[in-house]
file query_11.tsv (TSV, C-alpha atoms and all ligand atoms)
chain	number	residue	atom	x	y	z
A	12	MET	CA	-7.42	20.25	-9.16
A	13	ARG	CA	-7.97	16.49	-9.06
A	14	VAL	CA	-5.91	14.54	-6.55
A	15	ASP	CA	-5.61	10.76	-5.96
A	16	LEU	CA	-3.09	9.80	-3.28
A	17	HIS	CA	-3.30	6.01	-3.31
A	18	LEU	CA	-1.95	4.26	-6.42
A	19	HIS	CA	0.07	1.06	-6.90
A	20	THR	CA	2.42	-0.03	-9.70
A	21	TYR	CA	3.87	-3.36	-10.74
A	22	TYR	CA	6.78	-2.76	-8.35
A	23	SER	CA	4.40	-4.01	-5.66
A	24	ASP	CA	1.08	-5.71	-6.42
A	25	GLY	CA	-0.23	-3.39	-9.13
A	26	VAL	CA	-0.58	-4.32	-12.78
A	27	TYR	CA	0.88	-1.28	-14.55
A	28	SER	CA	4.34	0.27	-14.75
A	29	PRO	CA	4.89	3.66	-13.10
A	30	SER	CA	4.85	5.33	-16.56
A	31	GLN	CA	1.54	3.68	-17.41
A	32	VAL	CA	0.03	4.71	-14.06
A	33	VAL	CA	1.05	8.35	-14.59
A	34	MET	CA	-0.27	8.28	-18.17
A	35	LYS	CA	-3.59	6.87	-16.96
A	36	ALA	CA	-3.70	9.53	-14.26
A	37	LYS	CA	-3.21	12.18	-16.93
A	38	GLU	CA	-5.90	10.64	-19.17
A	39	ASN	CA	-8.29	10.67	-16.22
A	40	GLY	CA	-7.69	14.36	-15.57
A	41	LEU	CA	-5.63	14.05	-12.40
A	42	ASP	CA	-3.25	16.87	-11.46
A	43	VAL	CA	-1.62	15.38	-8.37
A	44	ILE	CA	-1.04	11.72	-7.50
A	45	SER	CA	0.96	9.66	-5.08
A	46	ILE	CA	2.47	6.25	-5.77
A	47	VAL	CA	2.35	4.24	-2.54
A	48	ASP	CA	3.65	0.78	-3.37
A	49	HIS	CA	3.77	-1.77	-0.54
A	50	ASP	CA	7.20	-1.66	1.16
A	51	THR	CA	9.07	-0.43	-1.93
A	52	THR	CA	9.96	2.88	-3.57
A	53	ASP	CA	11.34	1.34	-6.75
A	54	GLY	CA	8.62	2.92	-8.93
A	55	LEU	CA	9.09	6.49	-7.70
A	56	GLU	CA	11.96	7.69	-9.87
A	57	GLU	CA	10.21	6.70	-13.10
A	58	ALA	CA	6.82	8.04	-11.97
A	59	ILE	CA	8.25	11.42	-10.98
A	60	GLU	CA	10.16	11.66	-14.28
A	61	VAL	CA	7.09	10.91	-16.41
A	62	GLY	CA	5.00	13.15	-14.16
A	63	LYS	CA	7.30	16.08	-15.00
A	64	GLU	CA	6.90	15.41	-18.73
A	65	LEU	CA	3.13	15.19	-18.51
A	66	GLY	CA	2.53	17.91	-15.92
A	67	VAL	CA	1.32	15.58	-13.16
A	68	GLU	CA	2.70	16.26	-9.67
A	69	VAL	CA	3.87	12.96	-8.19
A	70	ILE	CA	4.23	12.93	-4.40
A	71	PRO	CA	6.77	10.30	-3.31
A	72	GLY	CA	4.99	7.80	-1.10
A	73	ILE	CA	4.97	4.29	0.33
A	74	GLU	CA	2.50	1.94	2.03
A	75	LEU	CA	4.33	0.13	4.83
A	76	SER	CA	3.06	-3.23	6.08
A	77	SER	CA	2.94	-3.30	9.86
A	78	ASN	CA	0.93	-5.36	12.33
A	79	ILE	CA	-0.31	-5.52	15.92
A	80	ASN	CA	-1.14	-8.98	17.33
A	81	GLY	CA	-1.46	-10.49	13.88
A	82	THR	CA	-3.72	-7.73	12.47
A	83	ASP	CA	-2.25	-6.09	9.38
A	84	ILE	CA	-2.02	-2.32	9.75
A	85	HIS	CA	-0.96	-0.44	6.64
A	86	ILE	CA	0.80	2.88	7.19
A	87	LEU	CA	1.05	5.36	4.33
A	88	GLY	CA	4.03	7.70	4.09
A	89	TYR	CA	3.96	10.88	1.99
A	90	PHE	CA	6.72	13.30	1.00
A	91	ILE	CA	9.41	10.82	1.99
A	92	ASN	CA	13.08	11.40	1.12
A	93	TRP	CA	13.09	7.90	-0.23
A	94	ARG	CA	16.68	7.95	-1.50
A	95	ASP	CA	17.96	7.97	2.08
A	96	GLU	CA	20.45	5.13	2.48
A	97	VAL	CA	19.29	3.88	5.86
A	98	PHE	CA	15.70	3.87	4.62
A	99	GLN	CA	16.69	1.89	1.53
A	100	THR	CA	18.64	-0.57	3.67
A	101	ASN	CA	15.47	-1.20	5.67
A	102	LEU	CA	13.45	-1.68	2.49
A	103	ARG	CA	16.02	-4.21	1.23
A	104	VAL	CA	15.51	-6.18	4.44
A	105	PHE	CA	11.72	-6.12	3.90
A	106	LYS	CA	12.21	-7.27	0.31
A	107	GLU	CA	14.32	-10.21	1.44
A	108	LEU	CA	11.86	-11.11	4.23
A	109	ARG	CA	9.03	-11.09	1.70
A	110	ILE	CA	11.00	-13.43	-0.56
A	111	GLN	CA	11.62	-15.82	2.36
A	112	ARG	CA	7.95	-15.68	3.27
A	113	ALA	CA	6.86	-16.37	-0.33
A	114	LYS	CA	9.16	-19.39	-0.36
A	115	ARG	CA	7.57	-20.68	2.86
A	116	ILE	CA	4.10	-20.18	1.35
A	117	VAL	CA	5.15	-22.13	-1.76
A	118	GLU	CA	6.53	-24.92	0.47
A	119	LYS	CA	3.20	-25.09	2.30
A	120	LEU	CA	1.38	-25.26	-1.03
A	121	ASN	CA	3.73	-28.03	-2.19
A	122	ALA	CA	2.91	-29.96	0.99
A	123	LEU	CA	-0.75	-29.60	-0.01
A	124	ASP	CA	0.05	-31.31	-3.33
A	125	ILE	CA	0.18	-28.13	-5.37
A	126	PRO	CA	3.45	-28.37	-7.30
A	127	LEU	CA	3.88	-24.62	-7.78
A	128	GLU	CA	7.51	-23.50	-8.12
A	129	PHE	CA	8.83	-20.33	-6.51
A	130	GLU	CA	10.70	-19.45	-9.74
A	131	SER	CA	7.49	-19.47	-11.75
A	132	VAL	CA	5.91	-17.02	-9.28
A	133	ILE	CA	8.91	-14.72	-9.73
A	134	GLU	CA	8.91	-15.03	-13.51
A	135	LEU	CA	5.38	-13.67	-13.68
A	136	THR	CA	6.21	-10.40	-11.96
A	137	HIS	CA	8.26	-7.20	-12.04
A	138	SER	CA	7.68	-6.69	-8.35
A	139	SER	CA	10.31	-5.74	-5.79
A	140	SER	CA	7.83	-6.61	-3.08
A	141	ILE	CA	6.61	-10.17	-3.54
A	142	SER	CA	3.20	-10.62	-1.99
A	143	ARG	CA	0.40	-13.10	-1.67
A	144	VAL	CA	-1.14	-11.38	-4.69
A	145	HIS	CA	1.66	-12.72	-6.90
A	146	ILE	CA	1.23	-16.22	-5.53
A	147	ALA	CA	-2.54	-15.95	-6.03
A	148	ASN	CA	-1.98	-14.86	-9.65
A	149	ALA	CA	0.37	-17.80	-10.24
A	150	LEU	CA	-2.16	-20.23	-8.72
A	151	VAL	CA	-4.77	-18.90	-11.15
A	152	ARG	CA	-2.38	-18.92	-14.10
A	153	PHE	CA	-1.39	-22.57	-13.59
A	154	GLY	CA	-4.97	-23.65	-13.03
A	155	TYR	CA	-4.74	-24.65	-9.35
A	156	VAL	CA	-7.66	-22.36	-8.51
A	157	SER	CA	-10.34	-20.84	-10.68
A	158	ASP	CA	-9.87	-17.25	-9.55
A	159	PHE	CA	-7.93	-14.82	-7.37
A	160	TYR	CA	-10.49	-15.01	-4.54
A	161	GLU	CA	-10.42	-18.79	-4.41
A	162	ALA	CA	-6.63	-18.53	-3.94
A	163	PHE	CA	-7.12	-16.34	-0.87
A	164	ASN	CA	-10.18	-18.12	0.53
A	165	LYS	CA	-8.73	-21.61	0.14
A	166	TYR	CA	-4.99	-21.17	0.70
A	167	LEU	CA	-3.51	-17.71	1.33
A	168	GLY	CA	-5.92	-15.85	3.61
A	169	VAL	CA	-5.56	-15.60	7.40
A	170	GLY	CA	-6.22	-19.00	8.97
A	171	CYS	CA	-5.86	-20.86	5.67
A	172	PRO	CA	-3.42	-23.79	5.30
A	173	ALA	CA	-0.77	-21.91	3.30
A	174	TYR	CA	-1.03	-18.65	5.27
A	175	GLU	CA	2.22	-17.09	6.42
A	176	LYS	CA	2.51	-13.88	8.40
A	177	ASN	CA	4.03	-10.86	6.70
A	178	ILE	CA	7.04	-8.85	7.90
A	179	GLU	CA	6.97	-8.30	11.68
A	180	LEU	CA	7.01	-4.51	11.82
A	181	SER	CA	5.27	-2.58	14.57
A	182	PRO	CA	3.25	0.54	13.66
A	183	ARG	CA	5.57	2.44	16.00
A	184	ARG	CA	8.56	1.52	13.84
A	185	ALA	CA	6.69	2.16	10.60
A	186	ILE	CA	5.79	5.68	11.76
A	187	LYS	CA	9.39	6.24	12.87
A	188	LEU	CA	10.82	5.03	9.54
A	189	ILE	CA	8.61	7.52	7.72
A	190	SER	CA	9.35	10.46	9.99
A	191	GLU	CA	13.10	9.77	9.86
A	192	VAL	CA	13.00	10.46	6.12
A	193	GLY	CA	10.98	13.65	6.59
A	194	GLY	CA	7.63	12.15	5.62
A	195	LEU	CA	4.11	12.29	7.03
A	196	SER	CA	2.49	9.05	8.21
A	197	PHE	CA	-1.17	8.16	7.69
A	198	ILE	CA	-3.31	5.22	8.81
A	199	ALA	CA	-4.38	3.54	5.55
A	200	HIS	CA	-8.06	2.56	5.07
A	201	PRO	CA	-8.89	2.24	8.78
A	202	GLY	CA	-12.47	1.28	7.98
A	203	ARG	CA	-11.33	-1.98	6.48
A	204	TYR	CA	-10.03	-3.51	9.68
A	205	LEU	CA	-9.15	-1.15	12.51
A	206	SER	CA	-10.81	-1.26	15.93
A	207	GLU	CA	-11.36	1.95	17.91
A	208	ASN	CA	-8.73	0.81	20.35
A	209	GLU	CA	-6.13	0.30	17.62
A	210	LEU	CA	-7.01	3.69	16.17
A	211	ALA	CA	-6.40	5.27	19.60
A	212	VAL	CA	-3.05	3.45	19.87
A	213	LEU	CA	-1.92	4.82	16.50
A	214	ILE	CA	-2.94	8.37	17.43
A	215	GLU	CA	-1.03	8.00	20.69
A	216	LEU	CA	2.02	6.82	18.71
A	217	GLY	CA	2.02	10.12	16.83
A	218	ILE	CA	0.51	9.29	13.46
A	219	ASP	CA	0.20	12.46	11.34
A	220	GLY	CA	-3.06	11.69	9.63
A	221	ILE	CA	-5.86	9.36	8.57
A	222	GLU	CA	-6.81	8.16	5.10
A	223	VAL	CA	-10.43	9.28	5.23
A	224	ILE	CA	-11.38	8.82	1.57
A	225	HIS	CA	-11.11	5.19	0.41
A	226	PRO	CA	-13.34	2.81	-1.59
A	227	SER	CA	-13.99	0.80	1.60
A	228	HIS	CA	-15.41	3.87	3.42
A	229	ASP	CA	-19.06	4.82	3.03
A	230	ASP	CA	-20.22	8.39	3.78
A	231	GLU	CA	-20.80	7.56	7.42
A	232	LEU	CA	-17.24	6.26	7.87
A	233	VAL	CA	-15.79	9.23	5.97
A	234	ASN	CA	-17.59	11.58	8.37
A	235	TYR	CA	-16.52	9.52	11.36
A	236	TYR	CA	-12.81	9.58	10.43
A	237	ARG	CA	-13.00	13.27	9.54
A	238	SER	CA	-14.38	14.01	13.00
A	239	ILE	CA	-11.56	12.01	14.59
A	240	ALA	CA	-9.02	13.90	12.45
A	241	ASP	CA	-10.54	17.23	13.55
A	242	GLU	CA	-10.57	16.23	17.19
A	243	TYR	CA	-6.88	15.24	17.26
A	244	PHE	CA	-5.54	17.83	14.77
A	245	LEU	CA	-4.67	15.10	12.29
A	246	LEU	CA	-4.26	15.50	8.54
A	247	GLU	CA	-6.53	13.82	6.00
A	248	SER	CA	-5.67	11.90	2.85
A	249	GLY	CA	-7.39	9.58	0.42
A	250	GLY	CA	-7.50	7.93	-2.94
A	251	SER	CA	-8.67	5.01	-5.02
A	252	ASP	CA	-6.18	2.29	-3.90
A	253	PHE	CA	-5.80	1.55	-7.59
A	254	HIS	CA	-4.02	-1.70	-8.48
A	255	GLY	CA	-5.15	-1.89	-12.10
A	256	GLY	CA	-6.45	-5.43	-11.84
A	257	LEU	CA	-9.81	-7.01	-12.17
A	258	ARG	CA	-10.59	-7.37	-8.52
A	259	ARG	CA	-14.20	-7.08	-7.41
A	260	ASP	CA	-13.58	-3.92	-5.42
A	261	GLU	CA	-11.27	-2.37	-8.01
A	262	HIS	CA	-12.01	1.18	-9.05
A	263	CYS	CA	-10.54	3.09	-11.91
A	264	ILE	CA	-7.75	5.55	-11.30
A	265	GLY	CA	-9.19	8.82	-10.00
A	266	ALA	CA	-12.49	7.22	-8.95
A	267	TYR	CA	-11.79	8.50	-5.43
A	268	THR	CA	-10.20	11.92	-5.20
A	269	VAL	CA	-9.47	14.40	-2.43
A	270	PRO	CA	-9.42	18.21	-2.44
A	271	TYR	CA	-6.08	19.83	-3.26
A	272	LYS	CA	-6.37	21.49	0.16
A	273	PHE	CA	-5.35	18.15	1.73
A	274	VAL	CA	-1.99	18.39	-0.08
A	275	GLU	CA	-1.54	22.06	0.80
A	276	THR	CA	-2.17	21.29	4.46
A	277	MET	CA	0.39	18.47	4.34
A	278	LYS	CA	2.97	20.83	2.86
A	279	LYS	CA	2.23	23.41	5.55
A	280	ARG	CA	2.61	20.79	8.28
A	281	LEU	CA	5.97	19.74	6.80
A	282	ASN	CA	7.22	23.32	7.04
A	283	PHE	CA	6.60	23.23	10.77
A	284	LYS	CA	8.60	20.04	11.29
B	1	LIG	P1	0.64	-9.28	1.48
B	1	LIG	O1	1.19	-7.90	1.61
B	1	LIG	O2	1.57	-10.21	0.78
B	1	LIG	O3	0.14	-9.86	2.78
B	1	LIG	O4	-0.61	-9.19	0.52
B	1	LIG	C1	-1.60	-8.30	0.85
B	1	LIG	C2	-2.36	-7.91	-0.39
B	1	LIG	O5	-3.17	-9.01	-0.78
B	1	LIG	C3	-3.29	-6.76	-0.07
B	1	LIG	O6	-2.65	-5.54	-0.42
B	1	LIG	C4	-4.47	-7.04	-0.92
B	1	LIG	O7	-4.24	-6.42	-2.17
B	1	LIG	C5	-4.47	-8.56	-1.11
B	1	LIG	N1	-5.38	-9.33	-0.23
B	1	LIG	C6	-5.21	-9.59	1.08
B	1	LIG	N2	-6.21	-10.37	1.58
B	1	LIG	C7	-7.03	-10.61	0.55
B	1	LIG	C8	-8.26	-11.35	0.40
B	1	LIG	N3	-8.83	-11.99	1.42
B	1	LIG	N4	-8.82	-11.37	-0.83
B	1	LIG	C9	-8.24	-10.71	-1.84
B	1	LIG	N5	-7.11	-10.00	-1.78
B	1	LIG	C10	-6.51	-9.95	-0.61
B	2	MN	MN	-2.24	-4.22	-2.48
B	3	MN	MN	-3.51	-1.37	2.11
B	4	MN	MN	-2.93	0.14	-1.09

call {"tool": "encode", "arguments": {"input": "query_11.tsv", "output": "structure tokens", "more": "lines below"}}
Ligand code: AMP
Ligand code: MN
Ligand code: MN
Ligand code: MN
result
Amino acid sequence: MRVDLHLHTYYSDGVYSPSQVVMKAKENGLDVISIVDHDTTDGLEEAIEVGKELGVEVIPGIELSSNINGTDIHILGYFINWRDEVFQTNLRVFKELRIQRAKRIVEKLNALDIPLEFESVIELTHSSSISRVHIANALVRFGYVSDFYEAFNKYLGVGCPAYEKNIELSPRRAIKLISEVGGLSFIAHPGRYLSENELAVLIELGIDGIEVIHPSHDDELVNYYRSIADEYFLLESGGSDFHGGLRRDEHCIGAYTVPYKFVETMKKRLNFK
């Protein structure tokens, strides 16, 4: 069984539709996947449908954007009852806040003599979760920067002149939102940014697991996070963080897989909840 639990679609900052992602998963020999778009579940229905046709199990997931003191902390949720009305109401608020933030970023760019229009950013995307990635793509498309990385390094990254903070959501609330819809919460790619102290805080808050397998984790980090998971009885997850683009660190779908046992253990844990 081949399992990749970290895939994005064009409903957040991925390139492909949910159907295309599931088809690619099938082509790459995957049996189980999870779609974890940033702050939206809009791709799940379609992915699950196509998954049934192709014989790929699609676990409903999400990657929530939270932060502590300005540090982004992504929280993955698996096996969520995403149709829940209260949950969807919260996601609609996040969607609106992201739109407002994108507008503020565009205003900052305009003040820097970059006449980008918000409408042209929107026209270029299917996304329900407008992010800096879409603005970066528009900046490239209209020739204001030469590539995606220049957009982040010059304008959109932390500390840059057009930077705007994302949704103000605490990890505590992100974990709660996920558990309220029956899901399991995981710290996404901790090796990318998380200090030991922040990791301890998240464990204290009752996170269910850690994403141990991720392109940003070398063997040493994988072993380190596995030992933490063992010590605190936490679950493990992992995947390729596939967006489908041409980013430097982009890996093909299924490049990072986890044992099916991870999924079985999650299901067992859910039965105890
Ligand atoms: P947002 O959720 O709007 O803050 O956008 C975050 C997304 O932008 C992440 O999921 C990454 O895919 C991408 N990203 C963030 N920082 C950088 C960076 N310095 N260089 C390239 N991509 C980045
Ligand atoms: Mn992303
Ligand atoms: Mn992430
Ligand atoms: Mn991701």

call {"tool": "closest_residue", "arguments": {"input": "query_11.tsv", "among": "A:Ala199, A:Leu120, A:Leu232, A:Leu41", "to": "ligand MN 2 (chain B)", "atoms": "all atoms listed in the file"}}
result
A:Ala199

call {"tool": "closest_residue", "arguments": {"input": "query_11.tsv", "among": "A:Asn80, A:Asn121, A:Asn39, A:Ser23", "to": "ligand MN 3 (chain B)", "atoms": "all atoms listed in the file"}}
result
A:Ser23

call {"tool": "residues_around", "arguments": {"input": "query_11.tsv", "residues": "stretch 116-119 of chain A", "least_positions_apart": "6", "cutoff": "9 Å", "atoms": "all atoms listed in the file", "output": "number ranges by chain"}}
result
A: 125-129, 143, 146, 167, 172-175

call {"tool": "residues_near_ligand", "arguments": {"input": "query_11.tsv", "ligand": "ligand MN 4 (chain B)", "cutoff": "10 Å", "atoms": "only C-alpha atoms and all ligand atoms", "output": "ChimeraX atom specification"}}
result
/A:16-19,23-25,46-49,73-76,85-87,199-200,225,250-254

call {"tool": "axis_aligned_box", "arguments": {"input": "query_11.tsv", "around": "stretch 51-65 of chain A", "padding_each_side": "3 Å", "output": "AutoDock Vina command-line options"}}
result
--center_x 7.5 --center_y 7.8 --center_z -10.3 --size_x 14.8 --size_y 22.5 --size_z 22.8

call {"tool": "residues_around", "arguments": {"input": "query_11.tsv", "residues": "A:Thr82", "least_positions_apart": "6", "cutoff": "12 Å", "atoms": "all atoms listed in the file", "output": "ChimeraX atom specification"}}
result
/A:76,169,176-182,201,203-206,209

call {"tool": "residues_near_ligand", "arguments": {"input": "query_11.tsv", "ligand": "ligand LIG 1 (chain B)", "cutoff": "6 Å", "atoms": "all atoms listed in the file", "output": "list in words"}}
result
Ser142, Arg143, Val144, Tyr160, Phe163, Gly168 and Asn177 of chain A

call {"tool": "closest_residue", "arguments": {"input": "query_11.tsv", "among": "A:Ser227, A:Tyr155, A:Gly54, A:Glu96", "to": "A:Glu261", "atoms": "only C-alpha atoms"}}
result
A:Ser227

call {"tool": "atom_distance", "arguments": {"input": "query_11.tsv", "atom1": "atom CA of A:Glu64", "atom2": "atom CA of A:Ser28"}}
result
15.9 Å

call {"tool": "residues_around", "arguments": {"input": "query_11.tsv", "residues": "A:Val132", "least_positions_apart": "6", "cutoff": "10 Å", "atoms": "only C-alpha atoms", "output": "list in words"}}
result
Ala113, Lys114, Val117, Ile141, His145, Ile146, Ala147, Asn148, Ala149, Leu150 and Arg152 of chain A

call {"tool": "closest_residue", "arguments": {"input": "query_11.tsv", "among": "A:Pro270, A:Gly220, A:Pro29, A:Gly255", "to": "ligand MN 2 (chain B)", "atoms": "only C-alpha atoms and all ligand atoms"}}
result
A:Gly255

call {"tool": "closest_residue", "arguments": {"input": "query_11.tsv", "among": "A:Val32, A:Ile110, A:Ile91, A:Ile84", "to": "A:Leu65", "atoms": "all atoms listed in the file"}}
result
A:Val32

call {"tool": "atom_distance", "arguments": {"input": "query_11.tsv", "atom1": "atom CA of A:Leu210", "atom2": "atom CA of A:Leu188"}}
result
19.1 Å

call {"tool": "closest_residue", "arguments": {"input": "query_11.tsv", "among": "A:Ser196, A:Asn164, A:Asn208, A:Asn234", "to": "A:Ile221", "atoms": "only C-alpha atoms"}}
result
A:Ser196

call {"tool": "atom_distance", "arguments": {"input": "query_11.tsv", "atom1": "atom CA of A:Glu38", "atom2": "atom CA of A:Asp53"}}
result
23.2 Å

call {"tool": "residues_around", "arguments": {"input": "query_11.tsv", "residues": "A:Ile44", "least_positions_apart": "2", "cutoff": "10 Å", "atoms": "only C-alpha atoms", "output": "PDB file with C-alpha atoms, keeping the file's coordinate frame"}}
result
ATOM      1  CA  ARG A  13      -7.970  16.490  -9.060  1.00  0.00           C
ATOM      2  CA  VAL A  14      -5.910  14.540  -6.550  1.00  0.00           C
ATOM      3  CA  ASP A  15      -5.610  10.760  -5.960  1.00  0.00           C
ATOM      4  CA  LEU A  16      -3.090   9.800  -3.280  1.00  0.00           C
ATOM      5  CA  HIS A  17      -3.300   6.010  -3.310  1.00  0.00           C
ATOM      6  CA  LEU A  18      -1.950   4.260  -6.420  1.00  0.00           C
ATOM      7  CA  VAL A  32       0.030   4.710 -14.060  1.00  0.00           C
ATOM      8  CA  VAL A  33       1.050   8.350 -14.590  1.00  0.00           C
ATOM      9  CA  ALA A  36      -3.700   9.530 -14.260  1.00  0.00           C
ATOM     10  CA  LYS A  37      -3.210  12.180 -16.930  1.00  0.00           C
ATOM     11  CA  LEU A  41      -5.630  14.050 -12.400  1.00  0.00           C
ATOM     12  CA  ASP A  42      -3.250  16.870 -11.460  1.00  0.00           C
ATOM     13  CA  ILE A  46       2.470   6.250  -5.770  1.00  0.00           C
ATOM     14  CA  VAL A  47       2.350   4.240  -2.540  1.00  0.00           C
ATOM     15  CA  ALA A  58       6.820   8.040 -11.970  1.00  0.00           C
ATOM     16  CA  ILE A  59       8.250  11.420 -10.980  1.00  0.00           C
ATOM     17  CA  GLY A  62       5.000  13.150 -14.160  1.00  0.00           C
ATOM     18  CA  VAL A  67       1.320  15.580 -13.160  1.00  0.00           C
ATOM     19  CA  GLU A  68       2.700  16.260  -9.670  1.00  0.00           C
ATOM     20  CA  VAL A  69       3.870  12.960  -8.190  1.00  0.00           C
ATOM     21  CA  ILE A  70       4.230  12.930  -4.400  1.00  0.00           C
ATOM     22  CA  PRO A  71       6.770  10.300  -3.310  1.00  0.00           C
ATOM     23  CA  GLY A  72       4.990   7.800  -1.100  1.00  0.00           C
ATOM     24  CA  GLY A 250      -7.500   7.930  -2.940  1.00  0.00           C
ATOM     25  CA  ILE A 264      -7.750   5.550 -11.300  1.00  0.00           C
ATOM     26  CA  GLY A 265      -9.190   8.820 -10.000  1.00  0.00           C
ATOM     27  CA  THR A 268     -10.200  11.920  -5.200  1.00  0.00           C
TER      28      THR A 268
END
